[in-house]
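A.B. asks: Got a structure for you, questions after.
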Amino acid sequence: MVKTKVLITVKTYPSLSVKYDELVCTAGFTEQGNWIRIYPIPFRKKSYEQRYKKYDWIEIDLVKNQEDKRPESYRPASINAEIKRIGHLDTSNNWKERKQICLKKVYTNMKQLIGEAKNPSICTSLAVFKPRQIIDFTFEPVEPEWDKEKLNQILAKRSQLDMFEAEDIQEFNLVNKLPYKFYYHFKDENGKKSKLMVEDWELGMLYWNCLEKSKGDKEKALEKVKQKCFEEFVETKDLYFFLGTTKAYHWKARNPFIIVGLFYPKLNEEASDRPTLF
């Protein structure tokens with residue numbers, strides 16, 4: 001089987017799965033420059049050599065996900081399909097190589113993008129979007145613990161494994177649930193306001209790192225997150241959103257998109273060097 005080459009640009013924060021314990025939704029671009037979604041992948045159960053980073057080129061056996069009608073949706077040929085890392089695009093020349101692949105098609109009009117998503121003959125579910133103006137970055141508290149019913153199902157499944165499998169799986173600890181949802185507020189080219197949730201894994205890790213640096217003070221941690229994602233980005237970054245829809249709400253929600261990743265080269269070549277977001 002010919003393996004598919006994918007430039008990884010999106011990794012969402014892990015979610016619980018009764019079948020696989022934990023899953024990550026991954027997306028990126030093929031060699032032809034087309035968006036592709038890869039799901040499911042039990043990312044943190046993969047060997048170290050297979051744990052790809054953003055902007056890694058990987059090779060993997062993929063097949064169309066017949067349970068997901070969105071055209072960009074594929075799945076590994078098997079859940080244990082090998083992932084081979086074959087290259088990486090760095091940030092040199094202000095993300096020049098990354099821009100050449102990621103910015104070939106950029107949307108600036110939310111109405112147009114949503115229209116394409118709702119059109120059965122197009123069904124766009126992944127896109128690069130350039131906001132005209134970033135208005136705000138906010139957060140809302142949510143239930144800080146994972147759903148107890150799903151956790152109990154996972155634990156019940158583990159208890160049914162034979163001794164050798166059980167010893168192996170006990171070493172795997174589920175990722176902590178984020179106690180907040182994060183949102184960008186922005187305007188498109190027509191001045192239309194939108195508020196979209198961000199599910200980027202790196203934003204989640206940014207929160208945990210800020211919480212540690214703030215010695216457990218959640219308010220200070222959130223202030224640091226906003227300073228990075230809003231104040232610093234507006235001042236120094238040329239910010240784009242990687243947008244994606246969810247299978248459950250693609251046809252149901254008025255605006256089915258969420259922000260699944262961020263693309264943030266410097267605002268200009270002369271911008272002073274500052275710490276990047278992540």
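Numbering starts fresh at 1 for the residues of each chain in the structure tokens, the chains themselves are lettered A, B, ... in the order given, and ligands are numbered from 1 as they appear.
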Might you pull out every residue within 8 Å of segment 191-199 of chain A, with only C-alpha atoms counted and same-chain residues fewer than 5 positions away left off, and present them as a PyMOL selection string?
C.D. replies: chain A and resi 12-13+110+132+181-186+204+257-261
A.B. asks: Can I get the selection written as an mmCIF file, in the first residue's frame, with N, CA and C atoms?
C.D. replies:
```cif
data_model
loop_
_atom_site.group_PDB
_atom_site.id
_atom_site.type_symbol
_atom_site.label_atom_id
_atom_site.label_comp_id
_atom_site.auth_asym_id
_atom_site.auth_seq_id
_atom_site.Cartn_x
_atom_site.Cartn_y
_atom_site.Cartn_z
ATOM 1 N N THR A 12 -5.367 18.474 18.182
ATOM 2 C CA THR A 12 -6.304 18.990 19.174
ATOM 3 C C THR A 12 -6.010 18.387 20.547
ATOM 4 N N TYR A 13 -6.523 19.054 21.570
ATOM 5 C CA TYR A 13 -6.332 18.558 22.932
ATOM 6 C C TYR A 13 -6.973 17.183 23.057
ATOM 7 N N MET A 110 -16.494 34.765 6.677
ATOM 8 C CA MET A 110 -17.104 33.646 7.390
ATOM 9 C C MET A 110 -18.369 33.140 6.700
ATOM 10 N N ARG A 132 -9.895 39.902 9.987
ATOM 11 C CA ARG A 132 -9.501 41.287 9.730
ATOM 12 C C ARG A 132 -9.053 41.966 11.015
ATOM 13 N N LYS A 181 -12.751 26.772 28.815
ATOM 14 C CA LYS A 181 -12.821 26.856 27.368
ATOM 15 C C LYS A 181 -12.284 28.222 26.964
ATOM 16 N N PHE A 182 -11.539 28.238 25.877
ATOM 17 C CA PHE A 182 -10.915 29.480 25.421
ATOM 18 C C PHE A 182 -11.502 29.892 24.079
ATOM 19 N N TYR A 183 -11.656 31.211 23.892
ATOM 20 C CA TYR A 183 -12.329 31.724 22.694
ATOM 21 C C TYR A 183 -11.582 32.926 22.114
ATOM 22 N N TYR A 184 -11.565 32.992 20.789
ATOM 23 C CA TYR A 184 -11.167 34.211 20.095
ATOM 24 C C TYR A 184 -12.421 34.917 19.591
ATOM 25 N N HIS A 185 -12.448 36.250 19.762
ATOM 26 C CA HIS A 185 -13.501 37.095 19.206
ATOM 27 C C HIS A 185 -12.850 37.912 18.094
ATOM 28 N N PHE A 186 -13.474 37.938 16.935
ATOM 29 C CA PHE A 186 -12.827 38.607 15.801
ATOM 30 C C PHE A 186 -13.860 39.080 14.780
ATOM 31 N N GLY A 204 -3.793 24.307 25.325
ATOM 32 C CA GLY A 204 -4.028 23.611 26.586
ATOM 33 C C GLY A 204 -2.757 23.475 27.401
ATOM 34 N N PHE A 257 -17.811 25.731 12.808
ATOM 35 C CA PHE A 257 -16.358 25.750 12.924
ATOM 36 C C PHE A 257 -15.874 26.063 14.335
ATOM 37 N N ILE A 258 -14.744 25.467 14.675
ATOM 38 C CA ILE A 258 -13.979 25.825 15.857
ATOM 39 C C ILE A 258 -12.547 26.069 15.396
ATOM 40 N N ILE A 259 -11.752 26.685 16.251
ATOM 41 C CA ILE A 259 -10.345 26.918 15.930
ATOM 42 C C ILE A 259 -9.549 25.713 16.421
ATOM 43 N N VAL A 260 -8.955 24.984 15.482
ATOM 44 C CA VAL A 260 -8.220 23.772 15.843
ATOM 45 C C VAL A 260 -6.711 23.993 15.837
ATOM 46 N N GLY A 261 -6.280 25.175 15.409
ATOM 47 C CA GLY A 261 -4.854 25.469 15.410
ATOM 48 C C GLY A 261 -4.602 26.928 15.073
#
```
A.B. asks: Pick out the residues sitting within 9 Å of Tyr207 of chain A, and hand them over as a list of chain:residue names; count only C-alpha atoms, and ignore anything fewer than 4 positions along from it in its own chain.
C.D. replies: A:Leu178, A:Glu202, A:Leu203, A:Leu211, A:Glu212, A:Ala221, A:Leu222, A:Lys224, A:Val225
A.B. asks: With C-alpha atoms retained, export the selected residues as a PDB file, in the first residue's frame.
C.D. replies:
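Listed below is the output, again.pdb:
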```pdb
ATOM      1  CA  LEU A 178      -8.896  21.559  30.895  1.00  0.00           C
ATOM      2  CA  GLU A 202      -0.645  23.599  22.518  1.00  0.00           C
ATOM      3  CA  LEU A 203      -3.032  26.171  23.982  1.00  0.00           C
ATOM      4  CA  LEU A 211      -0.539  27.495  36.057  1.00  0.00           C
ATOM      5  CA  GLU A 212       2.699  25.856  37.182  1.00  0.00           C
ATOM      6  CA  ALA A 221      -2.331  31.712  34.899  1.00  0.00           C
ATOM      7  CA  LEU A 222      -5.274  32.929  32.832  1.00  0.00           C
ATOM      8  CA  LYS A 224      -0.570  34.981  31.321  1.00  0.00           C
ATOM      9  CA  VAL A 225      -2.470  32.964  28.705  1.00  0.00           C
TER      10      VAL A 225
END
```
A.B. asks: Separation of atom CA of Tyr52 of chain A and atom CA of Val234 of chain A, in Å?
C.D. replies: 28.9 Å
A.B. asks: Using only C-alpha atoms, which of A:Asn94, A:Gly244, A:Lys215, A:Phe230 sits nearest Trp35 of chain A?
C.D. replies: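 Going through A:Asn94, A:Gly244, A:Lys215, A:Phe230 one by one, the smallest distance to Trp35 of chain A is for A:Gly244.
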A.B. asks: Which residue gives the smallest distance to Val106 of chain A among A:Pro131, A:Pro40, A:Leu62, A:Glu31, with only C-alpha atoms counted?
C.D. replies: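 Nearest to Val106 of chain A: A:Pro131.
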A.B. asks: So that I can check the surroundings of Asp68 of chain A, please list as JSON, numbers by chain every protein, DNA and RNA residue that reaches within 12 Å of it, counting only C-alpha atoms and ignoring chain neighbours fewer than 6 positions away.
C.D. replies: {"A": [37, 38, 39, 40, 74, 75, 123, 125, 245, 246, 247, 248, 250]}
A.B. asks: Go ahead and write the residues just picked, all heavy atoms, as a tab-separated table (two decimals), in the first residue's frame.
C.D. replies:
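Dumped everything to part-v5.tsv:
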```tsv
chain	number	residue	atom	x	y	z
A	37	ARG	N	-7.78	15.21	7.34
A	37	ARG	CA	-8.02	14.96	8.77
A	37	ARG	C	-7.72	13.49	9.04
A	37	ARG	O	-8.16	12.62	8.29
A	37	ARG	CB	-9.48	15.28	9.12
A	37	ARG	CG	-9.88	14.96	10.56
A	37	ARG	CD	-11.36	15.19	10.77
A	37	ARG	NE	-11.72	16.61	10.73
A	37	ARG	CZ	-12.34	17.19	9.71
A	37	ARG	NH1	-12.68	16.46	8.62
A	37	ARG	NH2	-12.64	18.47	9.73
A	38	ILE	N	-6.98	13.21	10.12
A	38	ILE	CA	-6.65	11.84	10.48
A	38	ILE	C	-7.23	11.54	11.86
A	38	ILE	O	-6.82	12.15	12.86
A	38	ILE	CB	-5.13	11.60	10.50
A	38	ILE	CG1	-4.49	12.10	9.21
A	38	ILE	CG2	-4.83	10.13	10.70
A	38	ILE	CD1	-2.97	12.04	9.23
A	39	TYR	N	-8.16	10.60	11.91
A	39	TYR	CA	-8.81	10.27	13.18
A	39	TYR	C	-9.42	8.87	13.05
A	39	TYR	O	-10.01	8.54	12.03
A	39	TYR	CB	-9.92	11.29	13.46
A	39	TYR	CG	-10.62	11.10	14.79
A	39	TYR	CD1	-10.11	11.67	15.95
A	39	TYR	CD2	-11.79	10.34	14.88
A	39	TYR	CE1	-10.76	11.50	17.17
A	39	TYR	CE2	-12.43	10.17	16.10
A	39	TYR	CZ	-11.91	10.74	17.23
A	39	TYR	OH	-12.54	10.58	18.44
A	40	PRO	N	-9.26	8.01	14.05
A	40	PRO	CA	-8.68	8.27	15.38
A	40	PRO	C	-7.19	7.91	15.44
A	40	PRO	O	-6.73	7.03	14.73
A	40	PRO	CB	-9.49	7.33	16.27
A	40	PRO	CG	-9.76	6.14	15.39
A	40	PRO	CD	-9.95	6.70	13.99
A	74	TYR	N	-10.07	11.05	6.95
A	74	TYR	CA	-9.46	9.74	6.73
A	74	TYR	C	-9.13	9.13	8.09
A	74	TYR	O	-9.16	9.80	9.12
A	74	TYR	CB	-8.18	9.87	5.89
A	74	TYR	CG	-8.45	10.13	4.43
A	74	TYR	CD1	-8.94	11.36	4.01
A	74	TYR	CD2	-8.26	9.14	3.48
A	74	TYR	CE1	-9.21	11.61	2.66
A	74	TYR	CE2	-8.52	9.37	2.13
A	74	TYR	CZ	-9.00	10.60	1.74
A	74	TYR	OH	-9.27	10.84	0.40
A	75	ARG	N	-8.82	7.86	8.07
A	75	ARG	CA	-8.42	7.16	9.29
A	75	ARG	C	-7.24	6.25	8.98
A	75	ARG	O	-7.02	5.86	7.81
A	75	ARG	CB	-9.58	6.34	9.87
A	75	ARG	CG	-10.06	5.21	8.96
A	75	ARG	CD	-11.10	4.35	9.64
A	75	ARG	NE	-11.59	3.28	8.78
A	75	ARG	CZ	-10.95	2.13	8.58
A	75	ARG	NH1	-9.79	1.91	9.17
A	75	ARG	NH2	-11.46	1.21	7.79
A	123	CYS	N	-18.84	20.77	1.00
A	123	CYS	CA	-18.70	20.24	2.37
A	123	CYS	C	-17.33	20.54	2.97
A	123	CYS	O	-16.68	19.67	3.54
A	123	CYS	CB	-18.97	18.74	2.37
A	123	CYS	SG	-19.28	18.04	4.01
A	125	SER	N	-14.66	21.30	5.49
A	125	SER	CA	-14.63	21.11	6.95
A	125	SER	C	-13.29	21.46	7.57
A	125	SER	O	-13.13	21.36	8.79
A	125	SER	CB	-15.01	19.67	7.31
A	125	SER	OG	-14.00	18.76	6.90
A	245	THR	N	-14.50	21.70	11.45
A	245	THR	CA	-15.82	21.38	11.99
A	245	THR	C	-15.75	20.06	12.75
A	245	THR	O	-14.81	19.28	12.58
A	245	THR	CB	-16.86	21.24	10.86
A	245	THR	OG1	-16.55	20.08	10.05
A	245	THR	CG2	-16.89	22.48	9.99
A	246	THR	N	-16.74	19.82	13.58
A	246	THR	CA	-16.86	18.53	14.25
A	246	THR	C	-17.91	17.70	13.52
A	246	THR	O	-18.86	18.25	12.96
A	246	THR	CB	-17.27	18.69	15.72
A	246	THR	OG1	-18.54	19.37	15.78
A	246	THR	CG2	-16.24	19.51	16.48
A	247	LYS	N	-17.71	16.41	13.54
A	247	LYS	CA	-18.64	15.51	12.85
A	247	LYS	C	-20.07	15.67	13.36
A	247	LYS	O	-21.03	15.70	12.59
A	247	LYS	CB	-18.17	14.06	13.02
A	247	LYS	CG	-19.07	13.03	12.35
A	247	LYS	CD	-18.56	11.63	12.65
A	247	LYS	CE	-19.52	10.58	12.11
A	247	LYS	NZ	-19.10	9.21	12.48
A	248	ALA	N	-20.22	15.82	14.68
A	248	ALA	CA	-21.54	15.88	15.29
A	248	ALA	C	-22.31	17.14	14.91
A	248	ALA	O	-23.54	17.12	14.82
A	248	ALA	CB	-21.42	15.77	16.81
A	250	HIS	N	-21.43	19.42	12.22
A	250	HIS	CA	-21.18	19.99	10.90
A	250	HIS	C	-22.47	20.47	10.24
A	250	HIS	O	-22.52	21.55	9.65
A	250	HIS	CB	-20.47	18.97	10.01
A	250	HIS	CG	-20.11	19.53	8.66
A	250	HIS	ND1	-18.86	20.02	8.38
A	250	HIS	CD2	-20.83	19.71	7.53
A	250	HIS	CE1	-18.84	20.48	7.12
A	250	HIS	NE2	-20.02	20.29	6.59
```
A.B. asks: Hey, which of A:Ser17, A:Glu22, A:Arg85, A:Lys148 ends up closest to Tyr48 of chain A? Count only C-alpha atoms.
C.D. replies: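 The shortest atom-to-atom distance to Tyr48 of chain A comes from A:Arg85.
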A.B. asks: Can you list, as JSON, numbers by chain, every residue of segment 122-181 of chain A that DSSP puts in helix (DSSP H, G or I)?
C.D. replies: {"A": [148, 149, 150, 151, 152, 153, 154, 155, 156, 157, 158, 159, 163, 164, 165, 166, 167, 168, 169]}
A.B. asks: For the residues in the current selection, export N, CA, C and O atoms as a PDB file, in the first residue's frame.
C.D. replies:
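That gives us selection.pdb:
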```pdb
ATOM      1  N   LYS A 148     -17.745  11.205  34.604  1.00  0.00           N
ATOM      2  CA  LYS A 148     -17.567  10.036  35.464  1.00  0.00           C
ATOM      3  C   LYS A 148     -18.039   8.748  34.794  1.00  0.00           C
ATOM      4  O   LYS A 148     -17.415   7.687  34.951  1.00  0.00           O
ATOM      5  N   GLU A 149     -19.137   8.821  34.050  1.00  0.00           N
ATOM      6  CA  GLU A 149     -19.648   7.626  33.396  1.00  0.00           C
ATOM      7  C   GLU A 149     -18.640   7.076  32.385  1.00  0.00           C
ATOM      8  O   GLU A 149     -18.378   5.872  32.335  1.00  0.00           O
ATOM      9  N   LYS A 150     -18.058   7.980  31.606  1.00  0.00           N
ATOM     10  CA  LYS A 150     -17.075   7.531  30.610  1.00  0.00           C
ATOM     11  C   LYS A 150     -15.812   7.008  31.301  1.00  0.00           C
ATOM     12  O   LYS A 150     -15.236   5.999  30.876  1.00  0.00           O
ATOM     13  N   LEU A 151     -15.395   7.674  32.381  1.00  0.00           N
ATOM     14  CA  LEU A 151     -14.235   7.199  33.125  1.00  0.00           C
ATOM     15  C   LEU A 151     -14.472   5.801  33.685  1.00  0.00           C
ATOM     16  O   LEU A 151     -13.599   4.929  33.621  1.00  0.00           O
ATOM     17  N   ASN A 152     -15.670   5.581  34.225  1.00  0.00           N
ATOM     18  CA  ASN A 152     -15.996   4.269  34.777  1.00  0.00           C
ATOM     19  C   ASN A 152     -15.990   3.195  33.696  1.00  0.00           C
ATOM     20  O   ASN A 152     -15.575   2.055  33.935  1.00  0.00           O
ATOM     21  N   GLN A 153     -16.442   3.560  32.500  1.00  0.00           N
ATOM     22  CA  GLN A 153     -16.424   2.603  31.398  1.00  0.00           C
ATOM     23  C   GLN A 153     -14.993   2.234  31.011  1.00  0.00           C
ATOM     24  O   GLN A 153     -14.697   1.067  30.718  1.00  0.00           O
ATOM     25  N   ILE A 154     -14.113   3.235  31.025  1.00  0.00           N
ATOM     26  CA  ILE A 154     -12.708   2.979  30.701  1.00  0.00           C
ATOM     27  C   ILE A 154     -12.080   2.082  31.764  1.00  0.00           C
ATOM     28  O   ILE A 154     -11.367   1.120  31.450  1.00  0.00           O
ATOM     29  N   LEU A 155     -12.359   2.374  33.038  1.00  0.00           N
ATOM     30  CA  LEU A 155     -11.813   1.558  34.119  1.00  0.00           C
ATOM     31  C   LEU A 155     -12.363   0.139  34.075  1.00  0.00           C
ATOM     32  O   LEU A 155     -11.632  -0.822  34.331  1.00  0.00           O
ATOM     33  N   ALA A 156     -13.639   0.001  33.740  1.00  0.00           N
ATOM     34  CA  ALA A 156     -14.253  -1.323  33.637  1.00  0.00           C
ATOM     35  C   ALA A 156     -13.590  -2.124  32.522  1.00  0.00           C
ATOM     36  O   ALA A 156     -13.342  -3.328  32.657  1.00  0.00           O
ATOM     37  N   LYS A 157     -13.303  -1.448  31.419  1.00  0.00           N
ATOM     38  CA  LYS A 157     -12.643  -2.123  30.303  1.00  0.00           C
ATOM     39  C   LYS A 157     -11.256  -2.595  30.715  1.00  0.00           C
ATOM     40  O   LYS A 157     -10.842  -3.711  30.404  1.00  0.00           O
ATOM     41  N   ARG A 158     -10.542  -1.761  31.460  1.00  0.00           N
ATOM     42  CA  ARG A 158      -9.197  -2.130  31.901  1.00  0.00           C
ATOM     43  C   ARG A 158      -9.232  -3.340  32.818  1.00  0.00           C
ATOM     44  O   ARG A 158      -8.355  -4.201  32.761  1.00  0.00           O
ATOM     45  N   SER A 159     -10.235  -3.398  33.680  1.00  0.00           N
ATOM     46  CA  SER A 159     -10.322  -4.497  34.639  1.00  0.00           C
ATOM     47  C   SER A 159     -10.587  -5.835  33.964  1.00  0.00           C
ATOM     48  O   SER A 159     -10.332  -6.894  34.533  1.00  0.00           O
ATOM     49  N   MET A 163      -3.818 -10.251  32.582  1.00  0.00           N
ATOM     50  CA  MET A 163      -2.813  -9.712  33.487  1.00  0.00           C
ATOM     51  C   MET A 163      -1.743  -8.901  32.753  1.00  0.00           C
ATOM     52  O   MET A 163      -1.367  -7.817  33.183  1.00  0.00           O
ATOM     53  N   PHE A 164      -1.250  -9.407  31.630  1.00  0.00           N
ATOM     54  CA  PHE A 164      -0.161  -8.729  30.929  1.00  0.00           C
ATOM     55  C   PHE A 164      -0.633  -7.424  30.307  1.00  0.00           C
ATOM     56  O   PHE A 164       0.051  -6.404  30.359  1.00  0.00           O
ATOM     57  N   GLU A 165      -1.822  -7.438  29.728  1.00  0.00           N
ATOM     58  CA  GLU A 165      -2.364  -6.201  29.164  1.00  0.00           C
ATOM     59  C   GLU A 165      -2.620  -5.182  30.264  1.00  0.00           C
ATOM     60  O   GLU A 165      -2.375  -3.995  30.094  1.00  0.00           O
ATOM     61  N   ALA A 166      -3.134  -5.634  31.386  1.00  0.00           N
ATOM     62  CA  ALA A 166      -3.454  -4.725  32.494  1.00  0.00           C
ATOM     63  C   ALA A 166      -2.197  -4.050  33.015  1.00  0.00           C
ATOM     64  O   ALA A 166      -2.185  -2.860  33.313  1.00  0.00           O
ATOM     65  N   GLU A 167      -1.084  -4.823  33.138  1.00  0.00           N
ATOM     66  CA  GLU A 167       0.152  -4.233  33.619  1.00  0.00           C
ATOM     67  C   GLU A 167       0.628  -3.128  32.683  1.00  0.00           C
ATOM     68  O   GLU A 167       1.123  -2.094  33.112  1.00  0.00           O
ATOM     69  N   ASP A 168       0.459  -3.359  31.396  1.00  0.00           N
ATOM     70  CA  ASP A 168       0.909  -2.383  30.405  1.00  0.00           C
ATOM     71  C   ASP A 168       0.058  -1.117  30.442  1.00  0.00           C
ATOM     72  O   ASP A 168       0.573  -0.010  30.408  1.00  0.00           O
ATOM     73  N   ILE A 169      -1.266  -1.275  30.554  1.00  0.00           N
ATOM     74  CA  ILE A 169      -2.145  -0.118  30.435  1.00  0.00           C
ATOM     75  C   ILE A 169      -2.169   0.725  31.704  1.00  0.00           C
ATOM     76  O   ILE A 169      -2.458   1.917  31.658  1.00  0.00           O
TER      77      ILE A 169
END
```
A.B. asks: In Å, rounded to a single decimal, give me how far atom CA of Lys11 of chain A is from atom CA of Lys54 of chain A.
C.D. replies: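 One can read the atom CA of Lys54 of chain A to atom CA of Lys11 of chain A distance as 7.4 Å.
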A.B. asks: Please compute the atom CA of Pro76 of chain A-atom CA of Trp57 of chain A distance, one decimal, in Å.
C.D. replies: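 Atom CA of Pro76 of chain A sits 15.7 Å away from atom CA of Trp57 of chain A.
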A.B. asks: As a VMD selection string, please: all residues of segment 25-99 of chain A that backbone DSSP puts in strand (DSSP E or B).
C.D. replies: chain A and resid 25 to 30 35 to 41 56 to 60 62 to 64 73 to 76 84 to 88
A.B. asks: Write to file, as a tab-separated table (two decimals), in the first residue's frame, the residues of the selection just made, with N, CA, C and O atoms.
C.D. replies:
```tsv
chain	number	residue	atom	x	y	z
A	25	CYS	N	-7.35	14.34	17.55
A	25	CYS	CA	-7.69	14.62	16.16
A	25	CYS	C	-6.52	15.38	15.53
A	25	CYS	O	-6.07	16.39	16.07
A	26	THR	N	-6.03	14.85	14.43
A	26	THR	CA	-4.88	15.41	13.75
A	26	THR	C	-5.29	15.87	12.36
A	26	THR	O	-6.14	15.24	11.72
A	27	ALA	N	-4.71	16.94	11.88
A	27	ALA	CA	-4.97	17.39	10.51
A	27	ALA	C	-3.72	18.04	9.94
A	27	ALA	O	-2.81	18.44	10.67
A	28	GLY	N	-3.70	18.14	8.63
A	28	GLY	CA	-2.56	18.76	7.97
A	28	GLY	C	-2.78	18.82	6.47
A	28	GLY	O	-3.91	18.75	5.99
A	29	PHE	N	-1.68	18.91	5.74
A	29	PHE	CA	-1.74	19.04	4.30
A	29	PHE	C	-1.01	17.89	3.63
A	29	PHE	O	0.06	17.46	4.08
A	30	THR	N	-1.59	17.40	2.53
A	30	THR	CA	-0.93	16.37	1.74
A	30	THR	C	0.14	17.01	0.87
A	30	THR	O	0.27	18.24	0.80
A	35	TRP	N	-6.07	19.75	2.34
A	35	TRP	CA	-6.32	19.45	3.75
A	35	TRP	C	-6.68	17.98	3.91
A	35	TRP	O	-7.35	17.38	3.07
A	36	ILE	N	-6.26	17.39	5.04
A	36	ILE	CA	-6.65	16.03	5.38
A	36	ILE	C	-6.77	15.90	6.89
A	36	ILE	O	-5.97	16.48	7.64
A	37	ARG	N	-7.78	15.21	7.34
A	37	ARG	CA	-8.02	14.96	8.77
A	37	ARG	C	-7.72	13.49	9.04
A	37	ARG	O	-8.16	12.62	8.29
A	38	ILE	N	-6.98	13.21	10.12
A	38	ILE	CA	-6.65	11.84	10.48
A	38	ILE	C	-7.23	11.54	11.86
A	38	ILE	O	-6.82	12.15	12.86
A	39	TYR	N	-8.16	10.60	11.91
A	39	TYR	CA	-8.81	10.27	13.18
A	39	TYR	C	-9.42	8.87	13.05
A	39	TYR	O	-10.01	8.54	12.03
A	40	PRO	N	-9.26	8.01	14.05
A	40	PRO	CA	-8.68	8.27	15.38
A	40	PRO	C	-7.19	7.91	15.44
A	40	PRO	O	-6.73	7.03	14.73
A	41	ILE	N	-6.48	8.58	16.35
A	41	ILE	CA	-5.09	8.23	16.65
A	41	ILE	C	-4.90	8.30	18.17
A	41	ILE	O	-5.07	9.37	18.77
A	56	ASP	N	5.90	18.44	11.33
A	56	ASP	CA	6.59	17.24	10.88
A	56	ASP	C	5.91	16.72	9.63
A	56	ASP	O	4.68	16.75	9.52
A	57	TRP	N	6.70	16.24	8.68
A	57	TRP	CA	6.17	15.43	7.58
A	57	TRP	C	6.13	13.98	8.07
A	57	TRP	O	7.12	13.48	8.63
A	58	ILE	N	4.99	13.33	7.90
A	58	ILE	CA	4.87	11.93	8.30
A	58	ILE	C	4.40	11.08	7.12
A	58	ILE	O	3.86	11.61	6.14
A	59	GLU	N	4.62	9.79	7.23
A	59	GLU	CA	4.06	8.81	6.29
A	59	GLU	C	3.21	7.84	7.09
A	59	GLU	O	3.63	7.36	8.14
A	60	ILE	N	2.02	7.53	6.58
A	60	ILE	CA	1.11	6.63	7.27
A	60	ILE	C	0.13	6.02	6.27
A	60	ILE	O	-0.24	6.67	5.29
A	62	LEU	N	-3.34	5.33	5.14
A	62	LEU	CA	-4.64	5.91	5.42
A	62	LEU	C	-5.69	5.37	4.46
A	62	LEU	O	-5.39	5.04	3.32
A	63	VAL	N	-6.94	5.31	4.95
A	63	VAL	CA	-8.09	4.97	4.12
A	63	VAL	C	-9.19	5.98	4.42
A	63	VAL	O	-9.21	6.59	5.49
A	64	LYS	N	-10.09	6.18	3.48
A	64	LYS	CA	-11.20	7.10	3.71
A	64	LYS	C	-12.04	6.60	4.87
A	64	LYS	O	-12.34	5.42	4.99
A	73	SER	N	-11.87	13.71	5.71
A	73	SER	CA	-11.72	12.79	6.84
A	73	SER	C	-11.22	11.41	6.41
A	73	SER	O	-11.87	10.70	5.64
A	74	TYR	N	-10.07	11.05	6.95
A	74	TYR	CA	-9.46	9.74	6.73
A	74	TYR	C	-9.13	9.13	8.09
A	74	TYR	O	-9.16	9.80	9.12
A	75	ARG	N	-8.82	7.86	8.07
A	75	ARG	CA	-8.42	7.16	9.29
A	75	ARG	C	-7.24	6.25	8.98
A	75	ARG	O	-7.02	5.86	7.81
A	76	PRO	N	-6.44	5.90	10.00
A	76	PRO	CA	-5.36	4.94	9.77
A	76	PRO	C	-5.94	3.61	9.27
A	76	PRO	O	-7.04	3.21	9.67
A	84	LYS	N	5.59	7.14	10.42
A	84	LYS	CA	7.02	7.40	10.20
A	84	LYS	C	7.25	8.89	10.00
A	84	LYS	O	6.66	9.50	9.13
A	85	ARG	N	8.09	9.47	10.84
A	85	ARG	CA	8.44	10.88	10.70
A	85	ARG	C	9.58	11.00	9.70
A	85	ARG	O	10.63	10.39	9.86
A	86	ILE	N	9.36	11.80	8.63
A	86	ILE	CA	10.33	11.83	7.54
A	86	ILE	C	10.92	13.22	7.30
A	86	ILE	O	11.75	13.38	6.39
A	87	GLY	N	10.51	14.20	8.06
A	87	GLY	CA	11.05	15.54	7.86
A	87	GLY	C	10.37	16.55	8.75
A	87	GLY	O	9.40	16.23	9.46
A	88	HIS	N	10.87	17.78	8.72
A	88	HIS	CA	10.29	18.84	9.56
A	88	HIS	C	10.52	20.19	8.89
A	88	HIS	O	11.60	20.44	8.33
```
A.B. asks: Choose the residue, out of A:Ile101, A:Trp251, A:Gln66, A:Thr4, that has the smallest atom-to-atom separation from Glu116 of chain A; count only C-alpha atoms.
C.D. replies: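 Nearest to Glu116 of chain A: A:Trp251.
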